[in-house]
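> Contents of final07.cif (mmCIF, C-alpha atoms and all ligand atoms; chains and numbers go by the auth columns) are given next:
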data_work
#
loop_
_atom_site.group_PDB
_atom_site.id
_atom_site.type_symbol
_atom_site.label_atom_id
_atom_site.label_comp_id
_atom_site.label_asym_id
_atom_site.label_seq_id
_atom_site.Cartn_x
_atom_site.Cartn_y
_atom_site.Cartn_z
_atom_site.B_iso_or_equiv
_atom_site.auth_seq_id
_atom_site.auth_asym_id
ATOM 1 C CA MET A 1 18.936 -1.359 -11.062 0.00 1 Y
ATOM 2 C CA THR A 2 15.992 -3.660 -11.730 0.00 2 Y
ATOM 3 C CA GLU A 3 14.365 -4.730 -8.478 0.00 3 Y
ATOM 4 C CA ARG A 4 11.059 -5.963 -7.095 0.00 4 Y
ATOM 5 C CA THR A 5 8.727 -4.485 -4.510 0.00 5 Y
ATOM 6 C CA PHE A 6 5.506 -5.413 -2.759 0.00 6 Y
ATOM 7 C CA MET A 7 2.589 -3.210 -3.766 0.00 7 Y
ATOM 8 C CA MET A 8 -0.955 -3.262 -2.436 0.00 8 Y
ATOM 9 C CA ILE A 9 -4.257 -1.583 -3.231 0.00 9 Y
ATOM 10 C CA LYS A 10 -5.885 -1.274 0.199 0.00 10 Y
ATOM 11 C CA PRO A 11 -9.579 -2.007 0.946 0.00 11 Y
ATOM 12 C CA ASP A 12 -10.684 1.594 0.275 0.00 12 Y
ATOM 13 C CA GLY A 13 -9.127 1.386 -3.189 0.00 13 Y
ATOM 14 C CA VAL A 14 -11.091 -1.749 -4.040 0.00 14 Y
ATOM 15 C CA GLN A 15 -14.316 -0.535 -2.413 0.00 15 Y
ATOM 16 C CA ARG A 16 -14.158 2.842 -4.179 0.00 16 Y
ATOM 17 C CA GLY A 17 -13.425 1.351 -7.586 0.00 17 Y
ATOM 18 C CA LYS A 18 -9.885 2.700 -7.994 0.00 18 Y
ATOM 19 C CA VAL A 19 -8.164 -0.562 -9.004 0.00 19 Y
ATOM 20 C CA GLY A 20 -8.079 0.210 -12.717 0.00 20 Y
ATOM 21 C CA GLU A 21 -6.865 3.789 -12.237 0.00 21 Y
ATOM 22 C CA ILE A 22 -4.086 2.718 -9.852 0.00 22 Y
ATOM 23 C CA ILE A 23 -2.893 -0.111 -12.110 0.00 23 Y
ATOM 24 C CA ARG A 24 -3.005 2.291 -15.070 0.00 24 Y
ATOM 25 C CA ARG A 25 -0.570 4.563 -13.248 0.00 25 Y
ATOM 26 C CA ILE A 26 1.749 1.652 -12.404 0.00 26 Y
ATOM 27 C CA GLU A 27 1.853 0.564 -16.046 0.00 27 Y
ATOM 28 C CA ALA A 28 2.155 4.135 -17.350 0.00 28 Y
ATOM 29 C CA LYS A 29 5.368 4.439 -15.339 0.00 29 Y
ATOM 30 C CA GLY A 30 6.713 1.345 -17.100 0.00 30 Y
ATOM 31 C CA TYR A 31 6.584 -0.997 -14.127 0.00 31 Y
ATOM 32 C CA GLN A 32 5.706 -4.647 -14.682 0.00 32 Y
ATOM 33 C CA ILE A 33 3.230 -6.474 -12.465 0.00 33 Y
ATOM 34 C CA VAL A 34 4.735 -9.951 -12.074 0.00 34 Y
ATOM 35 C CA ALA A 35 2.276 -11.351 -9.497 0.00 35 Y
ATOM 36 C CA MET A 36 -1.211 -10.254 -8.418 0.00 36 Y
ATOM 37 C CA LYS A 37 -4.087 -11.575 -6.304 0.00 37 Y
ATOM 38 C CA LEU A 38 -7.287 -10.372 -4.634 0.00 38 Y
ATOM 39 C CA MET A 39 -7.643 -11.441 -0.998 0.00 39 Y
ATOM 40 C CA THR A 40 -8.941 -10.275 2.367 0.00 40 Y
ATOM 41 C CA PRO A 41 -6.017 -10.179 4.826 0.00 41 Y
ATOM 42 C CA THR A 42 -6.422 -12.132 8.057 0.00 42 Y
ATOM 43 C CA PRO A 43 -5.599 -10.339 11.318 0.00 43 Y
ATOM 44 C CA ALA A 44 -2.565 -12.629 11.718 0.00 44 Y
ATOM 45 C CA LEU A 45 -1.178 -11.811 8.276 0.00 45 Y
ATOM 46 C CA LEU A 46 -1.740 -8.114 8.830 0.00 46 Y
ATOM 47 C CA ALA A 47 0.066 -8.176 12.180 0.00 47 Y
ATOM 48 C CA GLN A 48 3.087 -9.711 10.480 0.00 48 Y
ATOM 49 C CA HIS A 49 2.920 -7.244 7.611 0.00 49 Y
ATOM 50 C CA TYR A 50 2.727 -4.229 9.942 0.00 50 Y
ATOM 51 C CA ALA A 51 4.969 -5.716 12.664 0.00 51 Y
ATOM 52 C CA GLU A 52 6.619 -2.300 13.116 0.00 52 Y
ATOM 53 C CA HIS A 53 3.224 -0.783 13.992 0.00 53 Y
ATOM 54 C CA VAL A 54 1.476 -3.459 16.108 0.00 54 Y
ATOM 55 C CA ASP A 55 2.260 -1.719 19.401 0.00 55 Y
ATOM 56 C CA LYS A 56 1.230 1.752 18.236 0.00 56 Y
ATOM 57 C CA SER A 57 -1.953 3.467 19.394 0.00 57 Y
ATOM 58 C CA PHE A 58 -3.415 3.549 15.883 0.00 58 Y
ATOM 59 C CA TYR A 59 -2.913 -0.178 15.234 0.00 59 Y
ATOM 60 C CA PRO A 60 -6.460 -1.356 16.208 0.00 60 Y
ATOM 61 C CA ALA A 61 -7.940 1.175 13.786 0.00 61 Y
ATOM 62 C CA LEU A 62 -5.364 0.235 11.140 0.00 62 Y
ATOM 63 C CA ALA A 63 -6.188 -3.472 11.550 0.00 63 Y
ATOM 64 C CA ALA A 64 -9.944 -2.839 11.302 0.00 64 Y
ATOM 65 C CA TYR A 65 -9.418 -0.802 8.123 0.00 65 Y
ATOM 66 C CA MET A 66 -7.045 -3.244 6.478 0.00 66 Y
ATOM 67 C CA THR A 67 -9.157 -6.361 7.169 0.00 67 Y
ATOM 68 C CA SER A 68 -12.456 -4.709 6.161 0.00 68 Y
ATOM 69 C CA GLY A 69 -12.463 -6.212 2.676 0.00 69 Y
ATOM 70 C CA PRO A 70 -10.351 -7.466 -0.181 0.00 70 Y
ATOM 71 C CA VAL A 71 -7.051 -5.922 -1.179 0.00 71 Y
ATOM 72 C CA VAL A 72 -5.066 -6.324 -4.392 0.00 72 Y
ATOM 73 C CA ALA A 73 -1.629 -7.712 -3.490 0.00 73 Y
ATOM 74 C CA MET A 74 1.019 -7.323 -6.191 0.00 74 Y
ATOM 75 C CA VAL A 75 4.682 -7.796 -6.878 0.00 75 Y
ATOM 76 C CA GLY A 76 6.042 -5.069 -9.127 0.00 76 Y
ATOM 77 C CA GLU A 77 9.300 -5.058 -11.049 0.00 77 Y
ATOM 78 C CA GLY A 78 11.247 -2.192 -12.556 0.00 78 Y
ATOM 79 C CA ASN A 79 14.228 0.117 -12.340 0.00 79 Y
ATOM 80 C CA GLU A 80 14.432 1.617 -8.821 0.00 80 Y
ATOM 81 C CA ILE A 81 10.794 0.587 -8.282 0.00 81 Y
ATOM 82 C CA ILE A 82 10.969 0.637 -4.474 0.00 82 Y
ATOM 83 C CA THR A 83 11.663 4.377 -4.415 0.00 83 Y
ATOM 84 C CA GLY A 84 9.689 5.104 -7.574 0.00 84 Y
ATOM 85 C CA TRP A 85 6.496 3.449 -6.343 0.00 85 Y
ATOM 86 C CA ARG A 86 6.722 5.358 -3.048 0.00 86 Y
ATOM 87 C CA HIS A 87 6.920 8.579 -5.108 0.00 87 Y
ATOM 88 C CA LEU A 88 3.899 7.529 -7.192 0.00 88 Y
ATOM 89 C CA MET A 89 1.932 6.812 -3.985 0.00 89 Y
ATOM 90 C CA GLY A 90 2.664 10.179 -2.372 0.00 90 Y
ATOM 91 C CA ALA A 91 2.837 11.121 1.312 0.00 91 Y
ATOM 92 C CA THR A 92 1.172 8.900 3.924 0.00 92 Y
ATOM 93 C CA ASP A 93 -1.389 11.528 4.950 0.00 93 Y
ATOM 94 C CA PRO A 94 -3.595 12.498 1.983 0.00 94 Y
ATOM 95 C CA THR A 95 -3.591 16.087 3.252 0.00 95 Y
ATOM 96 C CA ASN A 96 0.141 16.258 2.591 0.00 96 Y
ATOM 97 C CA ALA A 97 0.220 14.123 -0.569 0.00 97 Y
ATOM 98 C CA LEU A 98 0.999 16.248 -3.627 0.00 98 Y
ATOM 99 C CA PRO A 99 -1.296 16.510 -6.631 0.00 99 Y
ATOM 100 C CA GLY A 100 -0.096 14.066 -9.284 0.00 100 Y
ATOM 101 C CA THR A 101 0.372 11.281 -6.755 0.00 101 Y
ATOM 102 C CA ILE A 102 -2.166 8.496 -6.172 0.00 102 Y
ATOM 103 C CA ARG A 103 -2.856 9.604 -2.617 0.00 103 Y
ATOM 104 C CA GLY A 104 -2.832 13.292 -3.583 0.00 104 Y
ATOM 105 C CA ASP A 105 -5.280 12.840 -6.444 0.00 105 Y
ATOM 106 C CA LEU A 106 -7.530 10.028 -5.247 0.00 106 Y
ATOM 107 C CA ALA A 107 -7.416 9.586 -1.448 0.00 107 Y
ATOM 108 C CA ARG A 108 -9.970 11.436 0.638 0.00 108 Y
ATOM 109 C CA ALA A 109 -8.482 13.694 3.306 0.00 109 Y
ATOM 110 C CA TRP A 110 -11.050 12.674 5.890 0.00 110 Y
ATOM 111 C CA ASP A 111 -10.398 12.608 9.617 0.00 111 Y
ATOM 112 C CA THR A 112 -10.648 8.878 10.356 0.00 112 Y
ATOM 113 C CA ALA A 113 -9.017 6.804 13.110 0.00 113 Y
ATOM 114 C CA ALA A 114 -6.836 5.054 10.550 0.00 114 Y
ATOM 115 C CA ILE A 115 -5.392 7.042 7.679 0.00 115 Y
ATOM 116 C CA MET A 116 -7.138 5.559 4.625 0.00 116 Y
ATOM 117 C CA ASN A 117 -4.693 6.136 1.812 0.00 117 Y
ATOM 118 C CA LEU A 118 -5.457 3.601 -0.929 0.00 118 Y
ATOM 119 C CA VAL A 119 -2.041 1.994 -1.442 0.00 119 Y
ATOM 120 C CA HIS A 120 1.001 0.451 0.201 0.00 120 Y
ATOM 121 C CA GLY A 121 4.580 0.041 -0.940 0.00 121 Y
ATOM 122 C CA SER A 122 7.611 -1.509 0.721 0.00 122 Y
ATOM 123 C CA ASP A 123 9.975 1.148 2.065 0.00 123 Y
ATOM 124 C CA SER A 124 13.337 -0.659 1.625 0.00 124 Y
ATOM 125 C CA GLN A 125 14.946 -3.643 -0.097 0.00 125 Y
ATOM 126 C CA SER A 126 14.801 -5.686 3.098 0.00 126 Y
ATOM 127 C CA ALA A 127 11.113 -4.810 3.598 0.00 127 Y
ATOM 128 C CA ALA A 128 10.358 -5.729 -0.025 0.00 128 Y
ATOM 129 C CA ALA A 129 11.946 -9.158 0.331 0.00 129 Y
ATOM 130 C CA ARG A 130 10.187 -9.782 3.631 0.00 130 Y
ATOM 131 C CA GLU A 131 6.761 -8.639 2.393 0.00 131 Y
ATOM 132 C CA ILE A 132 6.914 -10.529 -0.924 0.00 132 Y
ATOM 133 C CA ALA A 133 7.738 -13.736 0.988 0.00 133 Y
ATOM 134 C CA LEU A 134 4.914 -13.045 3.431 0.00 134 Y
ATOM 135 C CA TRP A 135 2.174 -12.406 0.861 0.00 135 Y
ATOM 136 C CA PHE A 136 3.186 -14.813 -1.922 0.00 136 Y
ATOM 137 C CA ASP A 137 4.152 -18.487 -1.888 0.00 137 Y
HETATM 138 P P1 LIG B . 2.273 1.919 4.134 0.00 201 Y
HETATM 139 O O1 LIG B . 3.231 1.255 5.104 0.00 201 Y
HETATM 140 O O2 LIG B . 0.834 1.454 4.292 0.00 201 Y
HETATM 141 O O3 LIG B . 2.759 1.833 2.713 0.00 201 Y
HETATM 142 O O4 LIG B . 2.226 3.479 4.458 0.00 201 Y
HETATM 143 P P2 LIG B . 3.418 4.433 4.847 0.00 201 Y
HETATM 144 O O5 LIG B . 4.730 3.713 4.789 0.00 201 Y
HETATM 145 O O6 LIG B . 3.253 5.665 4.029 0.00 201 Y
HETATM 146 O O7 LIG B . 3.045 4.774 6.349 0.00 201 Y
HETATM 147 P P3 LIG B . 3.416 4.017 7.709 0.00 201 Y
HETATM 148 O O8 LIG B . 4.008 5.011 8.639 0.00 201 Y
HETATM 149 O O9 LIG B . 4.169 2.758 7.429 0.00 201 Y
HETATM 150 O O10 LIG B . 1.970 3.655 8.285 0.00 201 Y
HETATM 151 C C1 LIG B . 1.288 2.513 7.812 0.00 201 Y
HETATM 152 C C2 LIG B . -0.165 2.840 7.615 0.00 201 Y
HETATM 153 O O11 LIG B . -0.801 3.004 8.879 0.00 201 Y
HETATM 154 C C3 LIG B . -1.828 3.976 8.761 0.00 201 Y
HETATM 155 N N1 LIG B . -1.531 5.025 9.725 0.00 201 Y
HETATM 156 N N2 LIG B . -2.442 5.599 10.484 0.00 201 Y
HETATM 157 N N3 LIG B . -3.748 7.257 12.434 0.00 201 Y
HETATM 158 C C4 LIG B . -2.441 7.378 12.218 0.00 201 Y
HETATM 159 O O12 LIG B . -1.783 8.175 12.836 0.00 201 Y
HETATM 160 C C5 LIG B . -1.803 6.494 11.237 0.00 201 Y
HETATM 161 N N4 LIG B . -0.506 6.489 10.964 0.00 201 Y
HETATM 162 C C6 LIG B . -0.333 5.551 10.014 0.00 201 Y
HETATM 163 C C7 LIG B . -1.832 4.453 7.325 0.00 201 Y
HETATM 164 O O13 LIG B . -2.779 3.685 6.584 0.00 201 Y
HETATM 165 C C8 LIG B . -0.432 4.140 6.871 0.00 201 Y
HETATM 166 O O14 LIG B . -0.365 4.007 5.475 0.00 201 Y
HETATM 167 MG MG MG B . 5.060 1.862 5.779 0.00 202 Y
#
Let me see whether you can do it: turn the structure in this file into structure tokens.
Ligand code: RTP
Ligand code: MG

Amino acid sequence: MTERTFMMIKPDGVQRGKVGEIIRRIEAKGYQIVAMKLMTPTPALLAQHYAEHVDKSFYPALAAYMTSGPVVAMVGEGNEIITGWRHLMGATDPTNALPGTIRGDLARAWDTAAIMNLVHGSDSQSAAAREIALWFD
């Protein structure tokens, strides 16, 4: 089923020059990028985006990481893209992310307060709809 998801290259991906490599992998899979912009998230936007995490102990570190510089916000479209993009990203913790995934191949498995893992993808259809509406007009 063709669907849309919200995809993001996080600040470490932009700062470390991984934008081209990550977009290459998205396009190699056959997914279409139907919207894209470079922007630095405000703390308010980030708190809405990560509403499920705002009360967690790691949230201050996550907010500092995610507002540290520009991100690439994208809407992707393709068959089963919500699940497929999560597979392309790999596991949340780069230590556990398998080789062949973006996080497994490119993220640094450093011990930092926030897990810096290059990319984000919506985890359900309801999250995708909510996040696309939040990040794009
Ligand atoms: P995302 O939402 O960014 O696509 O990542 P995810 O679903 O794989 O992971 P999630 O559990 O939603 O966590 C969101 C982001 O918060 C950071 N995090 N840090 N220090 C920690 O224990 C910790 N746990 C999560 C990561 O950047 C993670 O991607
Ligand atoms: Mg998540």
> Which of these, Y:Ala107, Y:Ala91, Y:Leu134, Y:Met7, has the shortest distance to Y:Glu77 once you count all atoms listed in the file?
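Using all atoms listed in the file, Y:Glu77 sits closest to Y:Met7.
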> Considering all atoms listed in the file, state which residue in the set Y:Thr42, Y:Thr2, Y:Ser122, Y:Thr83 is at the smallest distance from ligand MG 202 (chain Y).
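Going through Y:Thr42, Y:Thr2, Y:Ser122, Y:Thr83 one by one, the smallest distance to ligand MG 202 (chain Y) is for Y:Ser122.
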> Given the file shown, determine the residues that the PyMOL selection byres (((not hetatm)) within 6 of (chain Y and resi 201)) selects; report them as a list in words.
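When the PyMOL selection byres (((not hetatm)) within 6 of (chain Y and resi 201)) is applied, the selected residues are Phe58, Leu62, Thr92, Ala113, Ala114, Ile115, Met116, Asn117, His120 and Gly121 of chain Y.
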> Could you save the residues just selected, with C-alpha atoms, as a PDB file, in the frame of the given file?

ATOM      1  CA  PHE Y  58      -3.415   3.549  15.883  1.00  0.00           C
ATOM      2  CA  LEU Y  62      -5.364   0.235  11.140  1.00  0.00           C
ATOM      3  CA  THR Y  92       1.172   8.900   3.924  1.00  0.00           C
ATOM      4  CA  ALA Y 113      -9.017   6.804  13.110  1.00  0.00           C
ATOM      5  CA  ALA Y 114      -6.836   5.054  10.550  1.00  0.00           C
ATOM      6  CA  ILE Y 115      -5.392   7.042   7.679  1.00  0.00           C
ATOM      7  CA  MET Y 116      -7.138   5.559   4.625  1.00  0.00           C
ATOM      8  CA  ASN Y 117      -4.693   6.136   1.812  1.00  0.00           C
ATOM      9  CA  HIS Y 120       1.001   0.451   0.201  1.00  0.00           C
ATOM     10  CA  GLY Y 121       4.580   0.041  -0.940  1.00  0.00           C
TER      11      GLY Y 121
END
> Residue by residue, what does the PyMOL selection byres (((chain Y and resi 74) around 12) and not hetatm) grab here? Present the result as an MDAnalysis selection string.
chainID Y and resid 4:10 19 22:23 26 31:39 71:73 75:77 119:122 128 131:136
> Work out how far apart atom CA of Y:Leu45 and atom CA of Y:Gly84 are and give it in Å to one decimal.
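Separation of atom CA of Y:Leu45 and atom CA of Y:Gly84: 25.6 Å.
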> Report as a PyMOL selection string the full result of the PyMOL selection byres (((chain Y and resi 1) around 8) and not hetatm) when it is applied to this structure.
chain Y and resi 2-3+78-80
> At what distance in Å, to one decimal, does atom CA of Y:Gly20 lie from atom CA of Y:Pro60?
29.0 Å
> Would you compute the distance between atom CA of Y:Met66 and atom CA of Y:Arg86? Give it in Å to one decimal.
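The value is 18.8 Å.
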